[in-house]
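To keep things clear, I will list the structure first and then write my remarks on it.
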Amino acid sequence: MLLAIDVGNTNTKFAVHDGETWRAQWRASTYSSRTADEYAPWLAQMMALSKLGFDDINACIISTVVPQALFNLRNFSRRYIGAEPLVVGEPSVHLGIEVRIDKPSEAGADRLVNAIGAFVAYGGPAIVIDSGTATTFDIVGADGAFEGGVILPGINMSLQALHDAAARLPRVEIRDPGRIIGSDTVSAMQSGIYWGSIDMIEGLCRRIREEYARPMKTIATGGVASLFEGAFPSIDIFDQDLTSRGLLEIFKRNGGSI
């Protein structure tokens, strides 16, 4: 089986694929200083709940936007799985995707993995929206190429900035308050972040489609996306497994077998 590890700025996702389907998935907070020996007992317990163990895993692939976390995760794969992991972004790992931007080396591993996962599952052209620490809009061409995108602060980051910068504004839950005009501070903040995020995403999708001047499907993924499912007319598909799909495809493109 394959263990796919996606390290984001906020969360790290572990997913196990048995060659036919995803058997289980787990999330942990990202701490770049967490050692291989700290990952092992937690993941062993999570795997046991799904009747899995380290002996069932024979391969590993890692994508990370936190370079400091790679050393310990590489050691974890070597020590507990007995496999040298494929690492997205290393010269030896073939992505099989053309990167059509001015500085291809600046394209984040997570954005490229998402583009591959989206194209394999849904084709192109497409807009891939990933709502995490940052919210990204990435463009996948008709032939699967990565063609650039938009990056802006994520929803939780915006909420944290409000709380940090304004002494009297509290931390609030992201939810639909039921109406636009808030009757108190909390509902006013919830309305602003909820409906403001929806209108921002709808507006950017409209502008991207106008500039691209071709029909495009829109796929949303990421830890926050599920909170808005059903609220966006412009989003065609919500897929929480998009990054895992991309990692599986990269593993296959590099001759991996499960």
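As shown in the structure tokens, the chain order sets the letters A, B, ...; within each chain, residues go from 1, and ligands are also counted from 1 in the order they appear.
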Would you tabulate, counting only C-alpha atoms, all residues of stretch 70-159 of chain A that have an atom at most 10 Å from an atom of stretch 49-56 of chain A, showing the closest pair of atoms and their distance in Å to one decimal, sorted by chain then ascending number, as CSV?
```
residue,atom,partner,partner_atom,distance
A:Ser77,CA,A:Phe54,CA,9.7
A:Tyr80,CA,A:Phe54,CA,6.7
A:Ile81,CA,A:Phe54,CA,5.8
A:Gly82,CA,A:Asp55,CA,9.0
```
If you keep C-alpha atoms, can you produce a file of those selected residues as a compact mmCIF listing (two decimals), in the first residue's frame?
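result_18.txt was written with the following content:
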```txt
# COMPACT_ATOMS: atom_id res chain seq x y z
CA SER A 77 9.38 6.67 6.07
CA TYR A 80 9.08 2.75 10.17
CA ILE A 81 7.95 1.88 6.64
CA GLY A 82 11.29 0.76 5.27
```
If we count only C-alpha atoms, what is near A:Arg175 at a cut-off of 8 Å, once residues fewer than 6 positions away on the same chain are taken out, given as a count of residues only? 4
In stretch 49-230 of chain A, DSSP alpha helix (DSSP H) residues written as number ranges by chain: A: 49, 67-76, 109-122, 155-165, 185-212
May I have the residues within 6 Å of stretch 237-243 of chain A as a ChimeraX atom specification, using only C-alpha atoms and disregarding those fewer than 4 positions away in the same chain? /A:113-114,117,219-221
Set the distance at 9 Å and use only C-alpha atoms: which residues neighbour A:Leu73 once local chain neighbours fewer than 3 positions away are removed? I'd like the list as a PDB file with N, CA and C atoms, in the first residue's frame.
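And here's result-v6.pdb as it stands now:
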```
ATOM      1  N   ILE A   5       1.640  11.593   1.927  1.00  0.00           N
ATOM      2  CA  ILE A   5       1.727  12.602   2.982  1.00  0.00           C
ATOM      3  C   ILE A   5       1.752  13.983   2.338  1.00  0.00           C
ATOM      4  N   ARG A  34       8.430  18.147  14.754  1.00  0.00           N
ATOM      5  CA  ARG A  34       7.978  16.822  15.179  1.00  0.00           C
ATOM      6  C   ARG A  34       8.893  15.758  14.583  1.00  0.00           C
ATOM      7  N   THR A  35       9.426  14.870  15.420  1.00  0.00           N
ATOM      8  CA  THR A  35      10.406  13.887  14.964  1.00  0.00           C
ATOM      9  C   THR A  35       9.733  12.647  14.397  1.00  0.00           C
ATOM     10  N   ALA A  36      10.543  11.826  13.737  1.00  0.00           N
ATOM     11  CA  ALA A  36      10.038  10.561  13.205  1.00  0.00           C
ATOM     12  C   ALA A  36       9.452   9.703  14.311  1.00  0.00           C
ATOM     13  N   TYR A  39       5.958  10.995  15.177  1.00  0.00           N
ATOM     14  CA  TYR A  39       4.930  10.636  14.202  1.00  0.00           C
ATOM     15  C   TYR A  39       4.478   9.190  14.384  1.00  0.00           C
ATOM     16  N   ILE A  62       5.734  12.133  -0.558  1.00  0.00           N
ATOM     17  CA  ILE A  62       5.594  13.306   0.303  1.00  0.00           C
ATOM     18  C   ILE A  62       5.553  14.568  -0.553  1.00  0.00           C
ATOM     19  N   ALA A  69       9.934  20.392   7.665  1.00  0.00           N
ATOM     20  CA  ALA A  69       9.278  19.156   8.085  1.00  0.00           C
ATOM     21  C   ALA A  69       9.783  17.943   7.313  1.00  0.00           C
ATOM     22  N   LEU A  70      10.447  18.165   6.179  1.00  0.00           N
ATOM     23  CA  LEU A  70      10.794  17.056   5.292  1.00  0.00           C
ATOM     24  C   LEU A  70      11.790  16.095   5.922  1.00  0.00           C
ATOM     25  N   PHE A  76      11.027   9.190   9.059  1.00  0.00           N
ATOM     26  CA  PHE A  76       9.897   8.345   9.452  1.00  0.00           C
ATOM     27  C   PHE A  76       9.646   7.266   8.409  1.00  0.00           C
ATOM     28  N   SER A  77       9.628   7.645   7.131  1.00  0.00           N
ATOM     29  CA  SER A  77       9.380   6.667   6.070  1.00  0.00           C
ATOM     30  C   SER A  77      10.473   5.598   6.035  1.00  0.00           C
ATOM     31  N   ARG A  78      11.707   6.028   6.152  1.00  0.00           N
ATOM     32  CA  ARG A  78      12.815   5.073   6.112  1.00  0.00           C
ATOM     33  C   ARG A  78      12.781   4.121   7.298  1.00  0.00           C
ATOM     34  N   PRO A  85      11.152   7.563   0.450  1.00  0.00           N
ATOM     35  CA  PRO A  85       9.979   8.235  -0.102  1.00  0.00           C
ATOM     36  C   PRO A  85      10.291   9.013  -1.374  1.00  0.00           C
TER      37      PRO A  85
END
```
In Å, how far is it from atom CA of A:Arg209 to atom CA of A:Ile97? 21.9 Å
Can you work out which one of A:Glu210, A:Glu20, A:Glu84, A:Asp110 has the shortest atom-to-atom distance to A:Phe146, counting only C-alpha atoms?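 Among A:Glu210, A:Glu20, A:Glu84, A:Asp110, it is A:Asp110 that comes nearest to A:Phe146.
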Would you mind telling me which residue in A:Gly19, A:Gly144, A:Gly8, A:Gly192 lies nearest to A:Gly96 when using only C-alpha atoms?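 Using only C-alpha atoms, A:Gly96 sits closest to A:Gly144.
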What's the 12 Å shell around A:Asp236, counting only C-alpha atoms, without same-chain residues fewer than 5 positions away, as a list of chain:residue names?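 Result of the neighbour search: A:Tyr122, A:Ala126, A:Ile127, A:Val128, A:Ile129, A:Glu202, A:Cys205, A:Met216, A:Lys217, A:Thr218, A:Ile219, A:Ala220, A:Thr221, A:Glu229, A:Gly230, A:Ala231.
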Using C-alpha atoms, can you write the selected residues to a file as a short mmCIF file (atom, residue, chain, number, x, y, z; two decimals), in the first residue's frame?
```
data_model
loop_
_atom_site.label_atom_id
_atom_site.label_comp_id
_atom_site.auth_asym_id
_atom_site.auth_seq_id
_atom_site.Cartn_x
_atom_site.Cartn_y
_atom_site.Cartn_z
CA TYR A 122 -11.96 15.99 -14.20
CA ALA A 126 -10.27 24.15 -14.87
CA ILE A 127 -9.96 26.45 -11.89
CA VAL A 128 -8.73 24.72 -8.74
CA ILE A 129 -9.55 26.55 -5.51
CA GLU A 202 -17.48 34.17 -6.93
CA CYS A 205 -13.98 33.00 -10.62
CA MET A 216 -13.89 26.20 -17.35
CA LYS A 217 -15.05 23.84 -14.63
CA THR A 218 -14.27 24.82 -11.05
CA ILE A 219 -13.07 22.38 -8.38
CA ALA A 220 -12.74 23.31 -4.71
CA THR A 221 -10.65 21.52 -2.09
CA GLU A 229 -20.27 23.48 0.18
CA GLY A 230 -23.48 24.31 -1.64
CA ALA A 231 -23.04 28.08 -1.18
#
```
Provide the atom CA of A:Leu112 to atom CA of A:Ala134 distance in Å, to one decimal place. 15.1 Å
Can you measure atom CA of A:Val87 to atom CA of A:Thr135 for me? One decimal in Å is fine.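 Answer for the atom CA of A:Val87 to atom CA of A:Thr135 separation: 23.3 Å.
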Could you pull out the strand (DSSP E or B) residues of stretch 66-236 of chain A, going by DSSP on the backbone, and write them as a ChimeraX atom specification? /A:86-87,99,126-131,134-140,146-153,217-221
Across A:Val65, A:Met189, A:Ala145, A:Ile250, the smallest distance to A:Glu98, with only C-alpha atoms counted, is shown by A:Ala145
Give me the residues near A:Gly149 as number ranges by chain, where near means some atom within 10 Å (using only C-alpha atoms) and where sequence neighbours in that chain fewer than 4 positions away do not count. A: 101, 107, 111, 127-129, 136-140, 208
Find the residues around stretch 58-60 of chain A up to 6 Å (only C-alpha atoms counted), leave out those fewer than 3 positions away in its own chain, and share them as a list in words.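 Non-adjacent residues within range: Met1, Leu2, Leu3, Ala4, Ala83 and Pro85 of chain A.
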Residue selection dump (N, CA and C atoms) as a tab-separated table (two decimals), in the first residue's frame:
```tsv
chain	number	residue	atom	x	y	z
A	1	MET	N	0.84	-1.20	0.00
A	1	MET	CA	0.00	0.00	0.00
A	1	MET	C	0.88	1.25	0.00
A	2	LEU	N	0.28	2.35	-0.44
A	2	LEU	CA	0.98	3.63	-0.53
A	2	LEU	C	0.53	4.55	0.60
A	3	LEU	N	1.50	5.17	1.26
A	3	LEU	CA	1.22	6.22	2.22
A	3	LEU	C	1.54	7.55	1.55
A	4	ALA	N	0.51	8.38	1.35
A	4	ALA	CA	0.69	9.70	0.74
A	4	ALA	C	0.62	10.75	1.85
A	83	ALA	N	10.88	2.34	3.49
A	83	ALA	CA	10.83	2.77	2.09
A	83	ALA	C	11.45	4.15	1.95
A	85	PRO	N	11.15	7.56	0.45
A	85	PRO	CA	9.98	8.23	-0.10
A	85	PRO	C	10.29	9.01	-1.37
```
